[in-house]
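Next comes my_file_32.txt, with compact mmCIF, C-alpha atoms.
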```
# COMPACT_ATOMS: atom_id res chain seq x y z
CA MET M 1 3.16 0.73 -137.06
CA LYS M 2 1.08 2.13 -134.20
CA HIS M 3 1.02 5.90 -133.84
CA ALA M 4 1.04 7.77 -130.57
CA ARG M 5 -2.23 7.58 -128.61
CA GLN M 6 -3.55 4.70 -130.73
CA MET M 7 -4.66 1.49 -129.05
CA ASP M 8 -4.02 -1.94 -130.56
CA MET M 9 -7.52 -3.43 -130.53
CA ILE M 10 -6.81 -6.48 -132.68
CA GLN M 11 -4.09 -8.12 -130.56
CA GLY M 12 -3.40 -8.83 -126.91
CA PRO M 13 -5.70 -8.91 -123.86
CA ILE M 14 -9.26 -7.73 -124.36
CA PHE M 15 -10.78 -7.02 -120.94
CA SER M 16 -8.13 -4.61 -119.68
CA LYS M 17 -8.20 -2.67 -122.96
CA LEU M 18 -11.98 -2.46 -122.84
CA ILE M 19 -11.75 -0.91 -119.39
CA VAL M 20 -8.98 1.53 -120.35
CA PHE M 21 -10.93 2.57 -123.45
CA SER M 22 -14.35 2.85 -121.81
CA ILE M 23 -13.54 4.82 -118.64
CA PRO M 24 -12.70 8.09 -120.47
CA VAL M 25 -15.79 7.55 -122.68
CA ILE M 26 -17.95 7.21 -119.57
CA LEU M 27 -16.44 10.34 -118.05
CA SER M 28 -16.86 12.22 -121.33
CA GLY M 29 -20.52 11.24 -121.50
CA VAL M 30 -21.04 12.30 -117.89
CA LEU M 31 -19.49 15.69 -118.62
CA GLN M 32 -21.76 16.16 -121.64
CA LEU M 33 -24.74 15.40 -119.43
CA LEU M 34 -23.48 17.90 -116.89
CA PHE M 35 -24.03 20.56 -119.56
CA ASN M 36 -27.75 19.78 -119.51
CA ALA M 37 -27.81 19.03 -115.77
CA ALA M 38 -26.27 22.43 -115.05
CA ASP M 39 -28.97 24.00 -117.21
CA VAL M 40 -31.73 22.13 -115.38
CA ILE M 41 -30.35 22.71 -111.88
CA VAL M 42 -29.76 26.44 -112.40
CA VAL M 43 -33.18 27.13 -113.91
CA GLY M 44 -34.93 24.86 -111.39
CA ARG M 45 -33.29 26.57 -108.44
CA PHE M 46 -33.12 30.18 -109.60
CA THR M 47 -35.99 30.54 -112.12
CA GLY M 48 -38.69 28.08 -111.05
CA SER M 49 -40.63 24.92 -111.97
CA ARG M 50 -42.03 26.43 -115.17
CA ALA M 51 -38.56 27.12 -116.54
CA LEU M 52 -37.44 23.65 -115.40
CA ALA M 53 -40.32 22.09 -117.34
CA ALA M 54 -39.48 24.27 -120.37
CA VAL M 55 -35.87 23.06 -120.56
CA GLY M 56 -36.79 19.42 -119.97
CA SER M 57 -39.62 19.32 -122.48
CA THR M 58 -37.24 20.04 -125.39
CA SER M 59 -34.81 17.15 -124.93
CA SER M 60 -36.79 14.44 -126.76
CA LEU M 61 -37.52 16.76 -129.67
CA ILE M 62 -33.90 17.94 -129.97
CA ASN M 63 -32.70 14.32 -129.99
CA LEU M 64 -35.25 13.49 -132.67
CA LEU M 65 -33.95 16.22 -134.98
CA ILE M 66 -30.22 15.56 -134.62
CA ASN M 67 -30.12 11.76 -134.34
CA LEU M 68 -29.77 11.21 -138.09
CA PHE M 69 -26.44 13.05 -138.21
CA LEU M 70 -25.26 11.55 -134.93
CA GLY M 71 -25.92 8.17 -136.57
CA ILE M 72 -23.66 9.13 -139.46
CA SER M 73 -20.93 9.87 -136.90
CA ILE M 74 -21.28 6.21 -135.86
CA GLY M 75 -20.87 5.29 -139.52
CA ALA M 76 -17.66 7.36 -139.61
CA ASN M 77 -16.39 5.59 -136.49
CA VAL M 78 -17.07 2.12 -137.90
CA LEU M 79 -15.69 2.90 -141.36
CA VAL M 80 -12.45 4.43 -140.08
CA GLY M 81 -12.08 1.59 -137.57
CA GLN M 82 -12.44 -1.03 -140.29
CA TYR M 83 -9.87 0.74 -142.49
CA ILE M 84 -7.43 0.94 -139.59
CA GLY M 85 -7.98 -2.73 -138.74
CA ALA M 86 -7.19 -3.53 -142.39
CA ARG M 87 -4.16 -1.15 -142.21
CA ASP M 88 -5.54 1.04 -145.01
CA GLU M 89 -4.50 4.52 -143.86
CA GLU M 90 -5.16 6.23 -147.19
CA ASN M 91 -8.86 5.40 -147.16
CA ALA M 92 -9.05 6.12 -143.43
CA GLN M 93 -7.88 9.68 -144.15
CA LYS M 94 -10.48 10.14 -146.88
CA ALA M 95 -13.18 8.94 -144.47
CA VAL M 96 -12.02 11.41 -141.80
CA HIS M 97 -12.35 14.46 -144.07
CA THR M 98 -15.70 13.29 -145.42
CA GLY M 99 -17.00 12.83 -141.88
CA ILE M 100 -16.03 16.33 -140.78
CA LEU M 101 -17.78 17.85 -143.82
CA PHE M 102 -20.88 15.83 -142.97
CA ALA M 103 -20.81 17.30 -139.47
CA LEU M 104 -20.33 20.90 -140.56
CA PHE M 105 -22.95 21.10 -143.30
CA GLY M 106 -25.38 18.78 -141.53
CA GLY M 107 -25.16 20.98 -138.44
CA LEU M 108 -25.82 24.13 -140.46
CA PHE M 109 -28.84 22.58 -142.18
CA MET M 110 -30.43 21.17 -139.03
CA GLY M 111 -29.59 24.30 -137.05
CA VAL M 112 -31.55 26.52 -139.44
CA PHE M 113 -34.44 24.06 -139.61
CA GLY M 114 -34.62 23.61 -135.83
CA PHE M 115 -34.48 27.35 -135.19
CA PHE M 116 -37.46 28.19 -137.39
CA ALA M 117 -39.52 25.06 -136.65
CA ALA M 118 -39.09 25.06 -132.84
CA GLY M 119 -42.38 26.68 -131.86
CA THR M 120 -44.50 24.63 -134.24
CA LEU M 121 -42.91 21.32 -133.27
CA LEU M 122 -43.27 22.02 -129.55
CA SER M 123 -46.93 22.87 -130.07
CA TRP M 124 -47.44 19.52 -131.82
CA MET M 125 -46.00 17.87 -128.69
CA ALA M 126 -48.84 19.39 -126.63
CA THR M 127 -46.44 21.58 -124.67
CA PRO M 128 -48.61 23.60 -122.22
CA GLU M 129 -49.22 27.24 -123.14
CA ASP M 130 -47.56 28.50 -119.95
CA VAL M 131 -44.36 26.60 -120.83
CA LEU M 132 -44.32 26.96 -124.64
CA PRO M 133 -42.67 30.43 -124.97
CA LEU M 134 -39.76 29.48 -122.69
CA SER M 135 -39.32 26.09 -124.39
CA THR M 136 -39.21 27.78 -127.80
CA ILE M 137 -36.55 30.28 -126.72
CA TYR M 138 -34.36 27.55 -125.25
CA MET M 139 -34.66 25.34 -128.33
CA GLN M 140 -33.98 28.14 -130.83
CA ILE M 141 -30.79 29.24 -129.08
CA TYR M 142 -29.68 25.62 -128.68
CA PHE M 143 -29.98 25.01 -132.43
CA ILE M 144 -27.78 28.01 -133.22
CA GLY M 145 -24.91 25.99 -131.74
CA LEU M 146 -25.76 22.74 -133.51
CA PRO M 147 -22.83 22.84 -136.01
CA SER M 148 -20.41 22.94 -133.06
CA LEU M 149 -22.17 20.04 -131.35
CA LEU M 150 -21.98 17.82 -134.44
CA VAL M 151 -18.37 18.76 -135.24
CA TYR M 152 -17.33 17.76 -131.72
CA ASP M 153 -19.31 14.49 -131.83
CA PHE M 154 -17.86 13.51 -135.23
CA GLY M 155 -14.35 14.47 -134.13
CA ALA M 156 -14.64 12.48 -130.91
CA ALA M 157 -15.96 9.47 -132.88
CA LEU M 158 -12.93 9.62 -135.18
CA LEU M 159 -10.57 9.74 -132.22
CA ARG M 160 -12.34 6.75 -130.64
CA ALA M 161 -11.83 4.82 -133.89
CA VAL M 162 -8.08 4.76 -133.18
CA GLY M 163 -8.45 4.23 -129.43
CA ASP M 164 -7.91 7.84 -128.30
CA THR M 165 -10.60 8.44 -125.69
CA LYS M 166 -8.64 10.64 -123.29
CA ARG M 167 -8.30 13.84 -125.26
CA PRO M 168 -12.05 14.22 -125.94
CA LEU M 169 -12.43 13.92 -122.16
CA TYR M 170 -9.92 16.72 -121.56
CA PHE M 171 -11.72 18.96 -124.05
CA LEU M 172 -15.03 18.37 -122.31
CA MET M 173 -13.50 19.13 -118.92
CA ILE M 174 -12.52 22.56 -120.22
CA SER M 175 -15.81 23.29 -121.96
CA GLY M 176 -17.81 21.84 -119.04
CA MET M 177 -16.25 24.24 -116.56
CA VAL M 178 -16.95 27.11 -118.93
CA ASN M 179 -20.59 25.99 -119.21
CA VAL M 180 -21.15 25.91 -115.46
CA VAL M 181 -19.55 29.31 -114.87
CA LEU M 182 -21.49 30.95 -117.71
CA ASN M 183 -24.75 29.36 -116.48
CA LEU M 184 -24.35 31.05 -113.13
CA ILE M 185 -23.36 34.38 -114.67
CA PHE M 186 -26.09 34.49 -117.31
CA VAL M 187 -28.92 33.33 -115.04
CA ILE M 188 -28.07 34.76 -111.61
CA VAL M 189 -26.21 37.93 -112.56
CA PHE M 190 -27.82 38.85 -115.91
CA ASP M 191 -31.22 37.22 -115.18
CA TRP M 192 -31.50 35.78 -118.71
CA GLY M 193 -33.41 32.65 -117.54
CA VAL M 194 -33.66 29.81 -120.07
CA ALA M 195 -31.94 31.98 -122.71
CA GLY M 196 -28.93 32.20 -120.42
CA VAL M 197 -28.50 28.47 -119.93
CA ALA M 198 -28.93 27.83 -123.67
CA THR M 199 -26.34 30.48 -124.52
CA ALA M 200 -23.87 29.02 -122.02
CA THR M 201 -24.33 25.59 -123.58
CA ILE M 202 -23.58 26.68 -127.15
CA VAL M 203 -20.49 28.67 -126.07
CA ALA M 204 -19.15 25.58 -124.30
CA GLU M 205 -19.94 23.34 -127.28
CA THR M 206 -18.11 25.71 -129.61
CA ILE M 207 -15.01 25.54 -127.43
CA SER M 208 -15.03 21.72 -127.45
CA ALA M 209 -15.51 21.68 -131.24
CA ILE M 210 -12.51 23.99 -131.80
CA LEU M 211 -10.34 21.87 -129.52
CA VAL M 212 -11.22 18.60 -131.25
CA LEU M 213 -10.51 20.11 -134.69
CA LEU M 214 -7.10 21.34 -133.51
CA CYS M 215 -6.42 17.87 -132.13
CA LEU M 216 -7.26 16.17 -135.42
CA HIS M 217 -5.13 18.69 -137.31
CA ALA M 218 -2.12 17.96 -135.08
CA HIS M 219 -2.60 14.17 -135.23
CA GLU M 220 0.32 12.31 -136.84
CA GLY M 221 -1.61 9.13 -137.56
CA PRO M 222 -4.27 8.01 -140.04
CA ILE M 223 -6.95 10.43 -138.81
CA ARG M 224 -5.00 13.65 -139.36
CA LEU M 225 -7.22 16.50 -140.58
CA GLN M 226 -5.65 18.74 -143.25
CA ARG M 227 -7.31 21.71 -144.87
CA LYS M 228 -5.81 20.91 -148.29
CA SER M 229 -7.34 17.41 -148.13
CA LEU M 230 -10.76 18.61 -147.00
CA HIS M 231 -13.04 17.33 -149.73
CA PHE M 232 -16.05 15.02 -149.86
CA SER M 233 -15.28 11.46 -150.99
CA LEU M 234 -18.49 10.12 -152.50
CA ASP M 235 -17.77 6.41 -151.97
CA LYS M 236 -16.77 7.00 -148.32
CA GLY M 237 -19.85 9.15 -147.81
CA ILE M 238 -22.08 6.41 -149.20
CA LYS M 239 -20.50 3.82 -146.91
CA MET M 240 -20.96 6.10 -143.89
CA VAL M 241 -24.59 6.62 -144.85
CA LYS M 242 -25.18 2.87 -145.26
CA ILE M 243 -23.86 2.21 -141.77
CA GLY M 244 -24.83 5.47 -140.09
CA VAL M 245 -28.27 6.34 -141.45
CA PRO M 246 -29.91 3.17 -140.06
CA ALA M 247 -28.26 4.02 -136.72
CA GLY M 248 -29.58 7.56 -137.00
CA VAL M 249 -33.03 6.40 -138.04
CA GLN M 250 -33.04 4.04 -135.07
CA GLY M 251 -32.22 6.97 -132.80
CA MET M 252 -34.94 9.03 -134.44
CA LEU M 253 -37.48 6.25 -133.97
CA PHE M 254 -36.46 5.96 -130.32
CA SER M 255 -36.96 9.71 -130.06
CA ILE M 256 -40.37 9.53 -131.72
CA SER M 257 -41.52 7.04 -129.11
CA ASN M 258 -39.97 9.23 -126.41
CA VAL M 259 -41.67 12.32 -127.87
CA LEU M 260 -45.01 10.48 -127.65
CA ILE M 261 -44.23 9.48 -124.07
CA GLN M 262 -43.22 13.10 -123.32
CA SER M 263 -46.51 14.25 -124.84
CA SER M 264 -48.33 11.81 -122.56
CA VAL M 265 -46.38 13.16 -119.59
CA ASN M 266 -47.21 16.72 -120.68
CA SER M 267 -50.91 15.89 -120.40
CA PHE M 268 -50.50 15.60 -116.61
CA GLY M 269 -49.35 19.24 -116.28
CA ALA M 270 -46.24 21.27 -115.42
CA ILE M 271 -45.50 19.64 -112.02
CA VAL M 272 -45.43 16.14 -113.49
CA MET M 273 -43.33 17.46 -116.38
CA ALA M 274 -40.83 18.91 -113.89
CA GLY M 275 -40.62 15.64 -111.91
CA ASN M 276 -40.18 13.64 -115.11
CA THR M 277 -37.44 16.07 -116.25
CA ALA M 278 -35.50 15.80 -113.00
CA SER M 279 -35.70 11.99 -113.01
CA LEU M 280 -34.71 11.84 -116.68
CA ASN M 281 -31.58 13.87 -115.96
CA ILE M 282 -30.56 11.47 -113.18
CA GLU M 283 -31.16 8.30 -115.19
CA ASN M 284 -29.29 9.77 -118.16
CA PHE M 285 -26.09 9.45 -116.11
CA VAL M 286 -26.73 5.71 -115.84
CA TYR M 287 -27.56 5.45 -119.53
CA ILE M 288 -24.52 7.37 -120.73
CA SER M 289 -22.26 5.12 -118.66
CA MET M 290 -23.76 2.02 -120.27
CA ASN M 291 -23.70 3.66 -123.70
CA ALA M 292 -19.93 4.06 -123.30
CA ILE M 293 -19.69 0.25 -123.31
CA TYR M 294 -21.72 0.21 -126.54
CA GLN M 295 -19.27 2.71 -128.08
CA THR M 296 -16.33 0.65 -126.82
CA ASN M 297 -17.79 -2.51 -128.35
CA LEU M 298 -18.47 -0.65 -131.61
CA SER M 299 -14.86 0.54 -131.97
CA PHE M 300 -13.26 -2.78 -131.00
CA THR M 301 -15.62 -4.81 -133.18
CA SER M 302 -15.11 -2.61 -136.26
CA GLN M 303 -11.30 -2.84 -136.08
CA ASN M 304 -11.41 -6.61 -135.59
CA MET M 305 -13.88 -6.93 -138.44
CA GLY M 306 -11.42 -5.09 -140.68
CA ALA M 307 -8.66 -7.44 -139.50
CA LYS M 308 -10.97 -10.48 -139.94
CA GLN M 309 -10.52 -11.50 -136.28
CA PHE M 310 -13.98 -13.05 -135.99
CA LYS M 311 -13.45 -15.21 -132.88
CA ARG M 312 -12.12 -12.14 -131.10
CA ILE M 313 -15.39 -10.33 -131.91
CA ASP M 314 -17.30 -12.98 -129.93
CA LYS M 315 -15.02 -12.48 -126.93
CA ILE M 316 -15.43 -8.71 -127.14
CA LEU M 317 -19.22 -9.10 -127.07
CA LEU M 318 -19.24 -11.41 -124.05
CA GLU M 319 -16.89 -9.23 -122.03
CA CYS M 320 -18.80 -6.06 -122.94
CA LEU M 321 -22.04 -7.74 -121.82
CA GLY M 322 -20.50 -8.57 -118.46
CA ILE M 323 -19.25 -5.02 -118.00
CA VAL M 324 -22.52 -3.34 -119.01
CA VAL M 325 -24.60 -5.51 -116.67
CA CYS M 326 -22.37 -4.57 -113.74
CA VAL M 327 -22.44 -0.88 -114.65
CA GLY M 328 -26.20 -0.86 -115.17
CA LEU M 329 -27.07 -2.70 -111.96
CA ILE M 330 -24.71 -0.75 -109.71
CA LEU M 331 -25.41 2.75 -111.06
CA GLY M 332 -29.12 2.11 -111.66
CA TRP M 333 -29.83 0.92 -108.14
CA CYS M 334 -27.65 3.64 -106.61
CA ALA M 335 -29.67 6.22 -108.54
CA TYR M 336 -32.94 4.69 -107.32
CA LEU M 337 -31.92 4.27 -103.67
CA GLY M 338 -30.44 7.78 -103.58
CA GLY M 339 -33.30 9.24 -105.60
CA ASP M 340 -34.78 11.42 -102.86
CA PHE M 341 -31.44 13.14 -102.27
CA LEU M 342 -30.62 13.47 -105.96
CA LEU M 343 -34.02 14.87 -106.91
CA HIS M 344 -33.66 17.58 -104.23
CA ILE M 345 -30.71 18.89 -106.26
CA TYR M 346 -33.11 19.73 -109.09
CA SER M 347 -36.14 20.95 -107.15
CA ALA M 348 -37.31 21.62 -103.60
CA ASP M 349 -40.96 20.98 -104.51
CA PRO M 350 -42.15 17.80 -102.67
CA GLU M 351 -44.60 16.92 -105.45
CA VAL M 352 -41.91 17.19 -108.13
CA ILE M 353 -39.72 14.85 -106.06
CA ARG M 354 -42.57 12.35 -105.57
CA ILE M 355 -43.22 12.20 -109.31
CA GLY M 356 -39.51 11.82 -110.03
CA LEU M 357 -39.24 8.84 -107.68
CA ILE M 358 -42.02 7.02 -109.53
CA ARG M 359 -40.06 7.18 -112.77
CA LEU M 360 -36.77 6.16 -111.11
CA SER M 361 -38.40 3.07 -109.60
CA PHE M 362 -39.37 1.75 -113.04
CA ILE M 363 -36.43 2.84 -115.18
CA CYS M 364 -33.27 2.77 -113.09
CA THR M 365 -33.87 -0.60 -111.44
CA THR M 366 -34.13 -2.31 -114.84
CA TYR M 367 -31.80 -0.10 -116.87
CA PHE M 368 -29.15 -2.82 -117.27
CA LEU M 369 -31.53 -4.43 -119.81
CA CYS M 370 -31.17 -1.37 -122.04
CA GLY M 371 -27.38 -1.73 -121.76
CA ILE M 372 -27.54 -5.36 -122.90
CA MET M 373 -29.68 -4.36 -125.86
CA ASP M 374 -27.24 -1.62 -126.90
CA VAL M 375 -24.16 -3.86 -126.64
CA PHE M 376 -25.71 -6.37 -129.04
CA VAL M 377 -26.46 -3.51 -131.43
CA GLY M 378 -22.82 -2.38 -131.14
CA SER M 379 -21.57 -5.79 -132.24
CA LEU M 380 -23.97 -5.99 -135.19
CA ARG M 381 -23.18 -2.46 -136.32
CA GLY M 382 -19.43 -2.87 -135.85
CA MET M 383 -19.55 -5.86 -138.19
CA GLY M 384 -21.18 -3.60 -140.78
CA TYR M 385 -24.78 -4.78 -140.33
CA SER M 386 -26.77 -1.67 -139.48
CA ILE M 387 -30.18 -2.13 -141.08
CA LEU M 388 -31.07 -5.31 -139.18
CA PRO M 389 -30.62 -3.88 -135.66
CA MET M 390 -32.54 -0.79 -136.78
CA LEU M 391 -35.51 -2.93 -137.83
CA VAL M 392 -35.37 -4.99 -134.65
CA SER M 393 -35.23 -1.88 -132.46
CA MET M 394 -37.98 -0.23 -134.47
CA MET M 395 -40.35 -3.12 -133.80
CA GLY M 396 -39.23 -4.08 -130.30
CA VAL M 397 -38.93 -0.58 -128.87
CA CYS M 398 -40.63 2.05 -131.01
CA VAL M 399 -43.64 0.25 -132.45
CA PHE M 400 -44.24 -1.55 -129.17
CA ARG M 401 -44.15 1.67 -127.12
CA ILE M 402 -46.41 3.50 -129.57
CA PHE M 403 -48.85 0.56 -129.43
CA TRP M 404 -48.66 0.64 -125.64
CA ILE M 405 -49.39 4.39 -125.46
CA PHE M 406 -52.47 4.15 -127.67
CA THR M 407 -53.89 1.00 -126.08
CA ILE M 408 -52.77 0.03 -122.55
CA PHE M 409 -52.02 3.57 -121.41
CA GLN M 410 -55.31 4.92 -122.77
CA ALA M 411 -57.15 2.29 -120.72
CA HIS M 412 -55.08 2.94 -117.55
CA ARG M 413 -53.90 6.57 -117.59
CA GLU M 414 -51.31 6.37 -114.84
CA LEU M 415 -47.61 7.20 -114.86
CA SER M 416 -46.72 3.67 -113.75
CA THR M 417 -48.54 2.26 -116.78
CA LEU M 418 -46.52 4.57 -119.03
CA TYR M 419 -43.13 3.83 -117.50
CA ILE M 420 -43.39 0.04 -117.35
CA SER M 421 -43.39 -0.04 -121.16
CA TYR M 422 -39.64 0.65 -121.07
CA PRO M 423 -38.35 -2.60 -119.46
CA ILE M 424 -40.87 -4.71 -121.38
CA SER M 425 -39.63 -3.28 -124.69
CA TRP M 426 -35.98 -3.89 -123.75
CA ILE M 427 -36.62 -7.57 -122.96
CA LEU M 428 -38.44 -8.14 -126.27
CA THR M 429 -35.67 -6.48 -128.26
CA ILE M 430 -32.84 -8.37 -126.53
CA ALA M 431 -34.45 -11.72 -127.39
CA VAL M 432 -34.51 -10.88 -131.10
CA ASP M 433 -31.01 -9.32 -131.03
CA ILE M 434 -29.54 -12.59 -129.74
CA VAL M 435 -31.06 -14.49 -132.66
CA CYS M 436 -29.77 -11.87 -135.13
CA TYR M 437 -26.22 -12.02 -133.75
CA ILE M 438 -26.06 -15.80 -134.00
CA TYR M 439 -27.38 -15.70 -137.57
CA ILE M 440 -24.94 -12.99 -138.73
CA ARG M 441 -21.90 -14.65 -137.13
CA ARG M 442 -22.72 -17.91 -138.87
CA THR M 443 -23.20 -16.03 -142.14
CA ILE M 444 -19.78 -14.40 -141.79
CA GLU M 445 -18.16 -17.76 -141.02
CA ARG M 446 -19.67 -19.29 -144.17
CA LYS M 447 -18.53 -16.38 -146.35
CA THR M 448 -14.92 -16.61 -145.16
CA LYS M 449 -14.52 -20.36 -145.60
```

Rendering of file as structure tokens:
Amino acid sequence: MKHARQMDMIQGPIFSKLIVFSIPVILSGVLQLLFNAADVIVVGRFTGSRALAAVGSTSSLINLLINLFLGISIGANVLVGQYIGARDEENAQKAVHTGILFALFGGLFMGVFGFFAAGTLLSWMATPEDVLPLSTIYMQIYFIGLPSLLVYDFGAALLRAVGDTKRPLYFLMISGMVNVVLNLIFVIVFDWGVAGVATATIVAETISAILVLLCLHAHEGPIRLQRKSLHFSLDKGIKMVKIGVPAGVQGMLFSISNVLIQSSVNSFGAIVMAGNTASLNIENFVYISMNAIYQTNLSFTSQNMGAKQFKRIDKILLECLGIVVCVGLILGWCAYLGGDFLLHIYSADPEVIRIGLIRLSFICTTYFLCGIMDVFVGSLRGMGYSILPMLVSMMGVCVFRIFWIFTIFQAHRELSTLYISYPISWILTIAVDIVCYIYIRRTIERKTK
């Protein structure tokens, strides 16, 4: 029996359901990015290029520190989806409560660590001395709100596991408006600078976390959250870790390569840092839209894996590939062609805009390749194979980019040399992902005969 707001992912048409599922996920991702974009725009316009560089220089490091627990949220999504596909509501409920405890205590642990380690870690990234104090303040305040961020992300992942993608969107609409209003008040009225935008962000994230917890508590289906049932199930936790930790490690490895690239960018000075930050914020809107297709594929694949609908998994992959290519090409080229206008939103400095356009020309025009790579990973992970895509991504993206930075880039120290490593790494990884998918599907077929 299907509960209210659940989507039947294992029967009926696929394409239309993929679209209905993915659109709210795209909009939710865009709203989350608007949190950071509002931070960047407000400090860039009302505080200056140094503050803009300070906010932007923390993003790779923050992602590095929290990706492990965000990976476990993927494990929660896959595990709950497989239980629902197998119509095992009792174990789905145990997985839900275990996932929320992971989020809460993981957020507390990483929040404390990030707060006290911020200055040291930013120094290791070669953050310029004139930017370092502001970057440290922003990062420390941001990590105070980390438990709220993880609770929301885990809660939203659990709702996606049953096909409910609309309510997380509504919650982000509310918290997003709060974030923008508080940004303006804290920076323009109170003159708090980077501390103001960080404070506004954590207030907004706390609101979204409270709303998603209330939603799970009121849910009548298999993901209902009840205080009396809130205990850690060891076997469910182990399964989440097996699926989620490789996903988190993959994200961390991506972040390590991005931290090294950010360090290379930092070596060019504050103006280049500011241009890179503005461009990164624009291209993130393209990425988050493609990543929504990855999340859609992940949820649909996990339910159909639980229901043993293997042929349907192939169809889901093909249709998700078609969707992500269209999204990546259209949004990526729009971002590049409209880059001059978009970059002016973040800064009025002509040199910052020139630097930003260089990055957009390399990343956004080829970004659909990253979307293809992620969709293949979604299929592999949804089927329960998480270590293999981690290893492939580690070699094809992380190791390759690190090799590139210490060899090709050192010989030709130009921004274009740095940025072209992105599309090359995506192409290499896609080629291996295709081979892995074919091998795993054939393995599954043999096991079920």

> So what do you get for CA of Gly269 in chain M versus CA of Ser123 in chain M, distance-wise?
Replying inline: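 Going from CA of Gly269 in chain M over to CA of Ser123 in chain M covers 14.5 Å.
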
>> Counting all atoms listed in the file, I want the residues whose atoms come within 8 Å of (-29.5, -4.1, -121.0) in the file frame, returned as JSON, numbers by chain.
In response: {"M": [324, 325, 328, 366, 367, 368, 369, 370, 371, 372, 373, 374, 375, 426, 430]}

>> Between CA of Leu213 in chain M and CA of Phe154 in chain M, what is the distance in Å, rounded to a tenth?
In response: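 Separating CA of Leu213 in chain M from CA of Phe154 in chain M is a distance of 9.9 Å.
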
> Around (-33.9, 4.9, -104.9) in the file's own coordinates, what residues are found within 10 Å if you use all atoms listed in the file, given back as an MDAnalysis selection string?
Replying inline: chainID M and resid 332:342 357:358 360:361 364:365

> Which residues, written as a PyMOL selection string, have at least one atom at most 12 Å from Ala431 in chain M, with all atoms listed in the file counted and residues fewer than 2 positions away on the same chain left out?
Replying inline: chain M and resi 369+372-373+376+392-393+396+424-429+433-438

Could you please fill out range 186-190 of chain M with all heavy atoms and send it back as a PDB file, keeping the file's coordinate frame?
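Printed below is selection-v1.pdb as written:
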```
ATOM      1  N   PHE M 186     -24.984  34.071-116.452  1.00  0.00           N
ATOM      2  CA  PHE M 186     -26.090  34.490-117.310  1.00  0.00           C
ATOM      3  C   PHE M 186     -27.438  34.450-116.602  1.00  0.00           C
ATOM      4  O   PHE M 186     -28.309  35.278-116.882  1.00  0.00           O
ATOM      5  CB  PHE M 186     -26.145  33.618-118.572  1.00  0.00           C
ATOM      6  CG  PHE M 186     -24.990  33.821-119.517  1.00  0.00           C
ATOM      7  CD1 PHE M 186     -24.673  32.859-120.476  1.00  0.00           C
ATOM      8  CD2 PHE M 186     -24.209  34.965-119.464  1.00  0.00           C
ATOM      9  CE1 PHE M 186     -23.621  33.039-121.357  1.00  0.00           C
ATOM     10  CE2 PHE M 186     -23.140  35.159-120.334  1.00  0.00           C
ATOM     11  CZ  PHE M 186     -22.843  34.194-121.276  1.00  0.00           C
ATOM     12  N   VAL M 187     -27.624  33.482-115.699  1.00  0.00           N
ATOM     13  CA  VAL M 187     -28.920  33.330-115.040  1.00  0.00           C
ATOM     14  C   VAL M 187     -29.014  34.165-113.766  1.00  0.00           C
ATOM     15  O   VAL M 187     -29.983  34.900-113.559  1.00  0.00           O
ATOM     16  CB  VAL M 187     -29.202  31.845-114.734  1.00  0.00           C
ATOM     17  CG1 VAL M 187     -30.492  31.696-113.924  1.00  0.00           C
ATOM     18  CG2 VAL M 187     -29.308  31.052-116.027  1.00  0.00           C
ATOM     19  N   ILE M 188     -27.998  34.078-112.898  1.00  0.00           N
ATOM     20  CA  ILE M 188     -28.070  34.760-111.610  1.00  0.00           C
ATOM     21  C   ILE M 188     -27.726  36.239-111.738  1.00  0.00           C
ATOM     22  O   ILE M 188     -28.426  37.106-111.206  1.00  0.00           O
ATOM     23  CB  ILE M 188     -27.135  34.080-110.587  1.00  0.00           C
ATOM     24  CG1 ILE M 188     -27.558  32.625-110.373  1.00  0.00           C
ATOM     25  CG2 ILE M 188     -27.170  34.829-109.258  1.00  0.00           C
ATOM     26  CD1 ILE M 188     -26.618  31.827-109.499  1.00  0.00           C
ATOM     27  N   VAL M 189     -26.661  36.544-112.464  1.00  0.00           N
ATOM     28  CA  VAL M 189     -26.210  37.930-112.560  1.00  0.00           C
ATOM     29  C   VAL M 189     -27.019  38.713-113.607  1.00  0.00           C
ATOM     30  O   VAL M 189     -27.533  39.799-113.335  1.00  0.00           O
ATOM     31  CB  VAL M 189     -24.702  37.994-112.905  1.00  0.00           C
ATOM     32  CG1 VAL M 189     -24.247  39.450-113.036  1.00  0.00           C
ATOM     33  CG2 VAL M 189     -23.885  37.278-111.836  1.00  0.00           C
ATOM     34  N   PHE M 190     -27.145  38.142-114.821  1.00  0.00           N
ATOM     35  CA  PHE M 190     -27.820  38.850-115.910  1.00  0.00           C
ATOM     36  C   PHE M 190     -29.328  38.597-115.962  1.00  0.00           C
ATOM     37  O   PHE M 190     -30.045  39.287-116.685  1.00  0.00           O
ATOM     38  CB  PHE M 190     -27.199  38.486-117.253  1.00  0.00           C
ATOM     39  CG  PHE M 190     -25.774  38.937-117.425  1.00  0.00           C
ATOM     40  CD1 PHE M 190     -24.973  38.382-118.412  1.00  0.00           C
ATOM     41  CD2 PHE M 190     -25.215  39.905-116.594  1.00  0.00           C
ATOM     42  CE1 PHE M 190     -23.659  38.788-118.591  1.00  0.00           C
ATOM     43  CE2 PHE M 190     -23.904  40.318-116.758  1.00  0.00           C
ATOM     44  CZ  PHE M 190     -23.116  39.759-117.752  1.00  0.00           C
TER      45      PHE M 190
END
```
